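*Asks:* This is the structure, below, for whatever I ask next.
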Amino acid sequence: MPFYVRKNFWTITALALLAILPLTGSRYSIDLTTQVLIYALFALSLNILVGYLGNLSFGHAAFFSIGGYTCAILLTTYNFPFLISFLTALAFSAIAAFLIGLVCVRRNHMYFAMLTLAFGMLVWAIALKWRPVTGGDDGFVGINIPTILSNPINFYYFTLLTSIIATYALWTICNSTFGQAMIAIRENQNRALFLGIDTQSIRLKAFVISGIFAGLSGILFALYNRGMYPESAFWTESGQVLIMVLLGGMHSFIGPILGAIALYSLEIFINQFTEYWQIVLGGILLIVVLIAPEGLAGGVIWVEKNFLKKS
Amino acid sequence: MIMTTNPAFLFVHAMNSLALGMNLFIIAVGLTLIFGVLRVINFAHGAFFMVGAYVLLSFTRWFEHPAIGFWIGAVAAMVTLGLIAYFVERHLLCHLYEKEHLLQLLFTFALVLIIGDITKIIWGPLQHSVSYPPGFNGAVNLGISYYPAYLLFLILLGPIIALFLWVILEYTRWGRIIRAARLDREMLLALGTNVKAVYSIVFVVGSALAGLGGALAVPRMAIEPGMDSLVIIDCFIIVIIGGLGSMWGSFLGAIILGISTIFGTLIFQEWEIVVVYMLLIIVLLWRPSGLLGTPEKERH
């Protein structure tokens, strides 16, 4: 095998499997995979803040909903062309993330978490109360999506392609000097400052990047469900995606993807037996926090180190 | 808008703001107390509040006599929350003090999820309500206007609790130890104080206050699953505005939140919530550590 194939063996295998998935003809697995891809992207975007920057955001669902609602409203209420709606929704997520970030990055640690939570709830309140525009607590239903995307297989490929591009972009960002600066801030903000890193500016930029990709996943979510609901902005939704990040492993790039796959599959599995999914979720979170803070990715690395590598 | 010039109308709304504010203060002061010493933001504080409300509900259902049921229920809510908090702190949270803030926050979030479902299992998904306790179900003539006795009781109870806590913190041996634990945990440990016990006690007392706040909120609001998730946001806003860890800060923050919620609703109807957030942003831009908070010394 050529070097680049061997190096990216797992990535290429995963992509190949994803690409041929619709050949199975199973509508169920196509739908499930589409949803997992959307959540994986959402979790990846949050990991920029949590894993790389070390700032715990409890209001990330805000950008997810802003992206989703903006795209939904432009497409349906104003009948804008798809591409324009899509790009404007991304721009709105970016602007919202910039404005909210301006206030939030002034504070660290717990204040940051509480501020992001407060702003997340502000977005939720607006989605809930601005009934003429957002549809209030009934949600915004019946989004006009382009006919080409109304076919589940086409939508699956659209989501897959978008996710791949977005993931690649995030990967590039995380492995650039910018990514290194974020890690330096995570490890020690004061030291990073002394080294000449403009920590506030980096944190704000990271906040905006994270917001844009969360908005992107929100857009995909709205298009997939043909609707957007205020619950998507509620703080427990932010908490859920945070659990995906933590479960997967926040100190690894692919961790959040693993977390999204694991948590989403588990949710569907558990919901067959009981309505008390939250208690299971809380239990998982408790175990991860107390016993395995590195998450699934940490587990994979541990297994590799102890059992697979022959030194 | 003509009505707003009526003094009795304004008075009642001002009193409502205080009643709401003082009820929230009882809850939020527990949060700020815990943060001050343990340096942990307890997301589950709202869930504790909800459990307090449900415990009171059970007691009013068990006892024939409504007054006994109510007041014993309020005490029972504090005791229940104290016990839950003791278990949580001693067996789970204590393993996380040396870890990152991130894990502590997520730990308390796990509690939110677990407690939320457990209350749903025990008390069911339906909405309940409890009337004012006997003796407090009438209205009192305050000269300008009549005002519900129970809400007046809340308005008076808030400052009493604040003064009580203040006296304990400022003038007793335990208060001195708690203040020392806020400043320098290691030094306190070196001086031979049982810091573990201090942490447990503060967490228990703070959580018991959430339980009391929940029990006393019951006649004001409907009891239902999910009632915790909005209260915790209010508490966060209060402690951010007042300054994290500051007892009087949360008192001030609670009054400000009460006023902006009640008068915000009056003036802006459903957009009241935006007023609250605007206030939050203004306070933070003006005084990043909150109105009465001291700038945070980074502790590692």
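Here's how to read the names in the structure tokens: chain A, B, ... by the order shown, residue numbers from 1 in each chain, ligand numbers from 1 in the order shown.
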As a ChimeraX atom specification, please: all residues of region 148-268 of chain B that backbone DSSP puts in alpha helix (DSSP H).

*Replies:* /B:149-171,173-183,185-190,195-217,228-242,247-268

*Asks:* Can you write just those residues out, C-alpha atoms, as an mmCIF file, in the first residue's frame?

*Replies:*
```cif
data_model
loop_
_atom_site.group_PDB
_atom_site.id
_atom_site.type_symbol
_atom_site.label_atom_id
_atom_site.label_comp_id
_atom_site.auth_asym_id
_atom_site.auth_seq_id
_atom_site.Cartn_x
_atom_site.Cartn_y
_atom_site.Cartn_z
ATOM 1 C CA ALA B 149 -49.762 37.290 53.334
ATOM 2 C CA TYR B 150 -47.688 34.417 52.011
ATOM 3 C CA LEU B 151 -45.754 36.609 49.584
ATOM 4 C CA LEU B 152 -45.201 39.097 52.388
ATOM 5 C CA PHE B 153 -43.789 36.226 54.422
ATOM 6 C CA LEU B 154 -41.321 35.461 51.581
ATOM 7 C CA ILE B 155 -40.321 39.123 51.373
ATOM 8 C CA LEU B 156 -39.529 39.136 55.086
ATOM 9 C CA LEU B 157 -37.901 35.717 55.150
ATOM 10 C CA GLY B 158 -35.286 36.652 52.511
ATOM 11 C CA PRO B 159 -33.594 39.385 54.568
ATOM 12 C CA ILE B 160 -33.863 37.241 57.721
ATOM 13 C CA ILE B 161 -31.957 34.420 56.036
ATOM 14 C CA ALA B 162 -29.451 36.895 54.623
ATOM 15 C CA LEU B 163 -28.834 38.458 58.063
ATOM 16 C CA PHE B 164 -28.643 35.051 59.695
ATOM 17 C CA LEU B 165 -26.018 33.860 57.197
ATOM 18 C CA TRP B 166 -24.142 37.122 57.491
ATOM 19 C CA VAL B 167 -23.945 36.878 61.289
ATOM 20 C CA ILE B 168 -22.773 33.287 61.058
ATOM 21 C CA LEU B 169 -20.155 34.082 58.436
ATOM 22 C CA GLU B 170 -18.872 37.217 60.153
ATOM 23 C CA TYR B 171 -19.093 36.528 63.866
ATOM 24 C CA ARG B 173 -15.916 30.404 64.600
ATOM 25 C CA TRP B 174 -17.493 28.377 61.830
ATOM 26 C CA GLY B 175 -17.970 31.509 59.790
ATOM 27 C CA ARG B 176 -14.305 32.358 60.159
ATOM 28 C CA ILE B 177 -13.326 28.859 59.059
ATOM 29 C CA ILE B 178 -15.586 29.103 56.014
ATOM 30 C CA ARG B 179 -14.135 32.476 55.088
ATOM 31 C CA ALA B 180 -10.643 31.063 55.518
ATOM 32 C CA ALA B 181 -11.539 28.104 53.295
ATOM 33 C CA ARG B 182 -12.514 30.588 50.592
ATOM 34 C CA LEU B 183 -9.170 32.312 50.736
ATOM 35 C CA ARG B 185 -7.593 25.979 51.467
ATOM 36 C CA GLU B 186 -4.091 24.620 51.911
ATOM 37 C CA MET B 187 -3.185 26.991 54.708
ATOM 38 C CA LEU B 188 -6.348 26.045 56.533
ATOM 39 C CA LEU B 189 -5.463 22.390 56.120
ATOM 40 C CA ALA B 190 -1.973 23.052 57.456
ATOM 41 C CA VAL B 195 -11.300 21.006 55.538
ATOM 42 C CA LYS B 196 -13.185 17.969 54.260
ATOM 43 C CA ALA B 197 -15.814 18.535 56.907
ATOM 44 C CA VAL B 198 -16.019 22.226 56.019
ATOM 45 C CA TYR B 199 -16.636 21.335 52.383
ATOM 46 C CA SER B 200 -19.311 18.817 53.326
ATOM 47 C CA ILE B 201 -21.091 21.219 55.631
ATOM 48 C CA VAL B 202 -21.089 24.062 53.138
ATOM 49 C CA PHE B 203 -22.370 21.816 50.365
ATOM 50 C CA VAL B 204 -25.067 20.400 52.633
ATOM 51 C CA VAL B 205 -26.198 23.817 53.879
ATOM 52 C CA GLY B 206 -26.166 25.327 50.406
ATOM 53 C CA SER B 207 -28.206 22.465 48.989
ATOM 54 C CA ALA B 208 -30.622 22.547 51.926
ATOM 55 C CA LEU B 209 -31.251 26.195 51.055
ATOM 56 C CA ALA B 210 -32.126 25.118 47.513
ATOM 57 C CA GLY B 211 -34.552 22.612 49.016
ATOM 58 C CA LEU B 212 -36.106 25.261 51.253
ATOM 59 C CA GLY B 213 -36.377 27.663 48.321
ATOM 60 C CA GLY B 214 -38.091 24.934 46.316
ATOM 61 C CA ALA B 215 -40.516 24.105 49.106
ATOM 62 C CA LEU B 216 -41.426 27.748 49.656
ATOM 63 C CA ALA B 217 -41.826 28.379 45.926
ATOM 64 C CA ASP B 228 -35.659 23.054 37.523
ATOM 65 C CA SER B 229 -34.195 24.000 34.182
ATOM 66 C CA LEU B 230 -35.452 27.584 34.221
ATOM 67 C CA VAL B 231 -34.813 28.251 37.898
ATOM 68 C CA ILE B 232 -31.153 27.338 37.550
ATOM 69 C CA ILE B 233 -30.803 29.933 34.778
ATOM 70 C CA ASP B 234 -32.354 32.584 37.040
ATOM 71 C CA CYS B 235 -29.929 31.607 39.797
ATOM 72 C CA PHE B 236 -26.986 31.856 37.425
ATOM 73 C CA ILE B 237 -28.084 35.297 36.305
ATOM 74 C CA ILE B 238 -28.419 36.389 39.941
ATOM 75 C CA VAL B 239 -24.984 35.208 40.962
ATOM 76 C CA ILE B 240 -23.335 36.588 37.826
ATOM 77 C CA ILE B 241 -24.936 39.999 38.348
ATOM 78 C CA GLY B 242 -24.189 40.015 42.067
ATOM 79 C CA MET B 247 -23.658 36.591 49.690
ATOM 80 C CA TRP B 248 -24.910 40.179 49.565
ATOM 81 C CA GLY B 249 -24.204 40.153 45.843
ATOM 82 C CA SER B 250 -26.759 37.404 45.376
ATOM 83 C CA PHE B 251 -29.184 39.377 47.562
ATOM 84 C CA LEU B 252 -28.787 42.413 45.342
ATOM 85 C CA GLY B 253 -28.825 40.306 42.188
ATOM 86 C CA ALA B 254 -32.053 38.624 43.278
ATOM 87 C CA ILE B 255 -33.790 41.958 43.840
ATOM 88 C CA ILE B 256 -32.576 43.233 40.483
ATOM 89 C CA LEU B 257 -33.768 40.085 38.717
ATOM 90 C CA GLY B 258 -37.121 40.275 40.516
ATOM 91 C CA ILE B 259 -37.661 43.877 39.485
ATOM 92 C CA SER B 260 -36.557 43.395 35.898
ATOM 93 C CA THR B 261 -38.725 40.288 35.511
ATOM 94 C CA ILE B 262 -41.917 41.784 36.962
ATOM 95 C CA PHE B 263 -41.603 45.288 35.517
ATOM 96 C CA GLY B 264 -40.105 43.914 32.328
ATOM 97 C CA THR B 265 -43.227 41.830 31.846
ATOM 98 C CA LEU B 266 -45.368 44.865 32.596
ATOM 99 C CA ILE B 267 -43.653 47.073 30.046
ATOM 100 C CA PHE B 268 -42.382 44.684 27.378
#
```

*Asks:* Please identify every residue of chain B that has at least one atom no more than 9 Å from any atom of chain A, counting only C-alpha atoms, and report them as a short mmCIF file (atom, residue, chain, number, x, y, z; two decimals) with N, CA and C atoms, in the first residue's frame.

*Replies:*
```cif
data_model
loop_
_atom_site.label_atom_id
_atom_site.label_comp_id
_atom_site.auth_asym_id
_atom_site.auth_seq_id
_atom_site.Cartn_x
_atom_site.Cartn_y
_atom_site.Cartn_z
N ARG B 39 -15.60 26.15 45.10
CA ARG B 39 -15.22 26.55 43.73
C ARG B 39 -15.88 25.66 42.68
N VAL B 40 -17.07 25.19 42.99
CA VAL B 40 -17.81 24.36 42.05
C VAL B 40 -19.13 25.06 41.76
N ILE B 41 -19.44 25.17 40.48
CA ILE B 41 -20.77 25.67 40.11
C ILE B 41 -21.68 24.47 40.04
N LEU B 92 -19.07 11.23 45.77
CA LEU B 92 -18.81 11.45 44.34
C LEU B 92 -17.99 12.72 44.09
N LEU B 93 -18.54 13.84 44.55
CA LEU B 93 -17.92 15.11 44.20
C LEU B 93 -16.51 15.24 44.78
N HIS B 95 -14.13 13.37 44.82
CA HIS B 95 -13.06 12.85 43.97
C HIS B 95 -12.66 13.83 42.87
N LEU B 96 -13.43 14.90 42.73
CA LEU B 96 -13.20 15.78 41.57
C LEU B 96 -12.57 17.12 41.94
N HIS B 101 -12.11 22.11 36.13
CA HIS B 101 -13.46 22.67 36.32
C HIS B 101 -14.46 21.99 35.42
N LEU B 102 -13.95 21.70 34.22
CA LEU B 102 -14.77 21.07 33.19
C LEU B 102 -15.46 19.82 33.71
N LEU B 103 -14.68 18.96 34.37
CA LEU B 103 -15.23 17.70 34.85
C LEU B 103 -16.20 17.94 35.99
N GLN B 104 -15.89 18.93 36.82
CA GLN B 104 -16.80 19.23 37.93
C GLN B 104 -18.16 19.69 37.40
N LEU B 105 -18.11 20.58 36.41
CA LEU B 105 -19.36 21.08 35.84
C LEU B 105 -20.15 19.95 35.21
N LEU B 106 -19.46 19.10 34.46
CA LEU B 106 -20.15 18.00 33.79
C LEU B 106 -20.69 17.00 34.80
N PHE B 107 -19.97 16.85 35.91
CA PHE B 107 -20.48 15.97 36.96
C PHE B 107 -21.82 16.49 37.48
N THR B 108 -21.89 17.78 37.76
CA THR B 108 -23.15 18.30 38.29
C THR B 108 -24.24 18.25 37.21
N PHE B 109 -23.83 18.34 35.95
CA PHE B 109 -24.83 18.20 34.87
C PHE B 109 -25.39 16.78 34.84
N ALA B 110 -24.51 15.79 35.10
CA ALA B 110 -24.98 14.40 35.16
C ALA B 110 -26.03 14.26 36.27
N LEU B 111 -25.79 14.95 37.38
CA LEU B 111 -26.78 14.91 38.47
C LEU B 111 -28.12 15.48 38.02
N VAL B 112 -28.07 16.56 37.24
CA VAL B 112 -29.31 17.17 36.74
C VAL B 112 -30.13 16.12 35.99
N LEU B 113 -29.47 15.40 35.09
CA LEU B 113 -30.18 14.40 34.28
C LEU B 113 -30.74 13.29 35.15
N ILE B 114 -29.92 12.79 36.07
CA ILE B 114 -30.33 11.65 36.88
C ILE B 114 -31.47 12.06 37.82
N ILE B 115 -31.29 13.18 38.51
CA ILE B 115 -32.33 13.61 39.46
C ILE B 115 -33.63 13.92 38.72
N GLY B 116 -33.49 14.52 37.53
CA GLY B 116 -34.69 14.85 36.75
C GLY B 116 -35.53 13.61 36.47
N ASP B 117 -34.87 12.53 36.05
CA ASP B 117 -35.62 11.31 35.74
C ASP B 117 -36.12 10.62 37.00
N ILE B 118 -35.33 10.67 38.07
CA ILE B 118 -35.77 10.01 39.30
C ILE B 118 -37.04 10.70 39.84
N LYS B 120 -39.22 12.15 38.11
CA LYS B 120 -40.31 11.76 37.21
C LYS B 120 -40.79 10.34 37.55
N ILE B 121 -39.85 9.46 37.92
CA ILE B 121 -40.23 8.09 38.28
C ILE B 121 -41.04 8.10 39.58
N SER B 229 -35.12 23.51 35.20
CA SER B 229 -34.20 24.00 34.18
C SER B 229 -34.28 25.52 33.98
N ILE B 233 -31.25 28.81 35.60
CA ILE B 233 -30.80 29.93 34.78
C ILE B 233 -30.97 31.24 35.56
N ASP B 234 -32.14 31.39 36.22
CA ASP B 234 -32.35 32.58 37.04
C ASP B 234 -31.27 32.70 38.11
N PHE B 236 -28.26 31.49 38.05
CA PHE B 236 -26.99 31.86 37.43
C PHE B 236 -26.95 33.35 37.14
N ILE B 237 -28.06 33.86 36.61
CA ILE B 237 -28.08 35.30 36.30
C ILE B 237 -27.89 36.11 37.59
N ILE B 240 -24.25 35.87 38.73
CA ILE B 240 -23.33 36.59 37.83
C ILE B 240 -23.48 38.09 38.04
N LEU B 244 -20.01 36.20 41.82
CA LEU B 244 -19.96 34.82 42.31
C LEU B 244 -19.29 34.76 43.67
N GLU B 270 -43.99 39.76 26.66
CA GLU B 270 -43.19 38.53 26.65
C GLU B 270 -41.71 38.79 26.36
N TRP B 271 -41.35 40.01 26.01
CA TRP B 271 -39.93 40.29 25.74
C TRP B 271 -39.16 40.62 27.00
N ILE B 273 -37.76 38.78 29.01
CA ILE B 273 -36.53 38.00 29.20
C ILE B 273 -35.32 38.68 28.54
N VAL B 274 -35.59 39.41 27.46
CA VAL B 274 -34.51 40.11 26.78
C VAL B 274 -33.96 41.22 27.68
N TYR B 277 -31.48 39.80 30.08
CA TYR B 277 -30.17 39.51 29.50
C TYR B 277 -29.40 40.77 29.16
N LEU B 280 -27.82 41.81 32.21
CA LEU B 280 -26.68 40.94 32.49
C LEU B 280 -25.45 41.39 31.69
N ILE B 281 -25.67 41.69 30.41
CA ILE B 281 -24.55 42.10 29.56
C ILE B 281 -23.98 43.43 30.05
N LEU B 284 -21.94 43.00 33.14
CA LEU B 284 -20.67 42.33 32.89
C LEU B 284 -19.67 43.21 32.18
N LEU B 285 -20.18 44.07 31.30
CA LEU B 285 -19.25 44.95 30.59
C LEU B 285 -18.72 46.00 31.55
N PRO B 288 -16.93 43.28 35.36
CA PRO B 288 -16.84 41.88 34.96
C PRO B 288 -16.98 40.89 36.12
N SER B 289 -16.68 41.31 37.34
CA SER B 289 -16.80 40.37 38.45
C SER B 289 -18.14 40.46 39.16
#
```

*Asks:* Could you tell me which of A:Ser45, A:Thr88, A:Thr76, A:Thr172 comes closest to Val133 (chain A) if we count only C-alpha atoms?

*Replies:*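 Closest candidate: A:Thr76.
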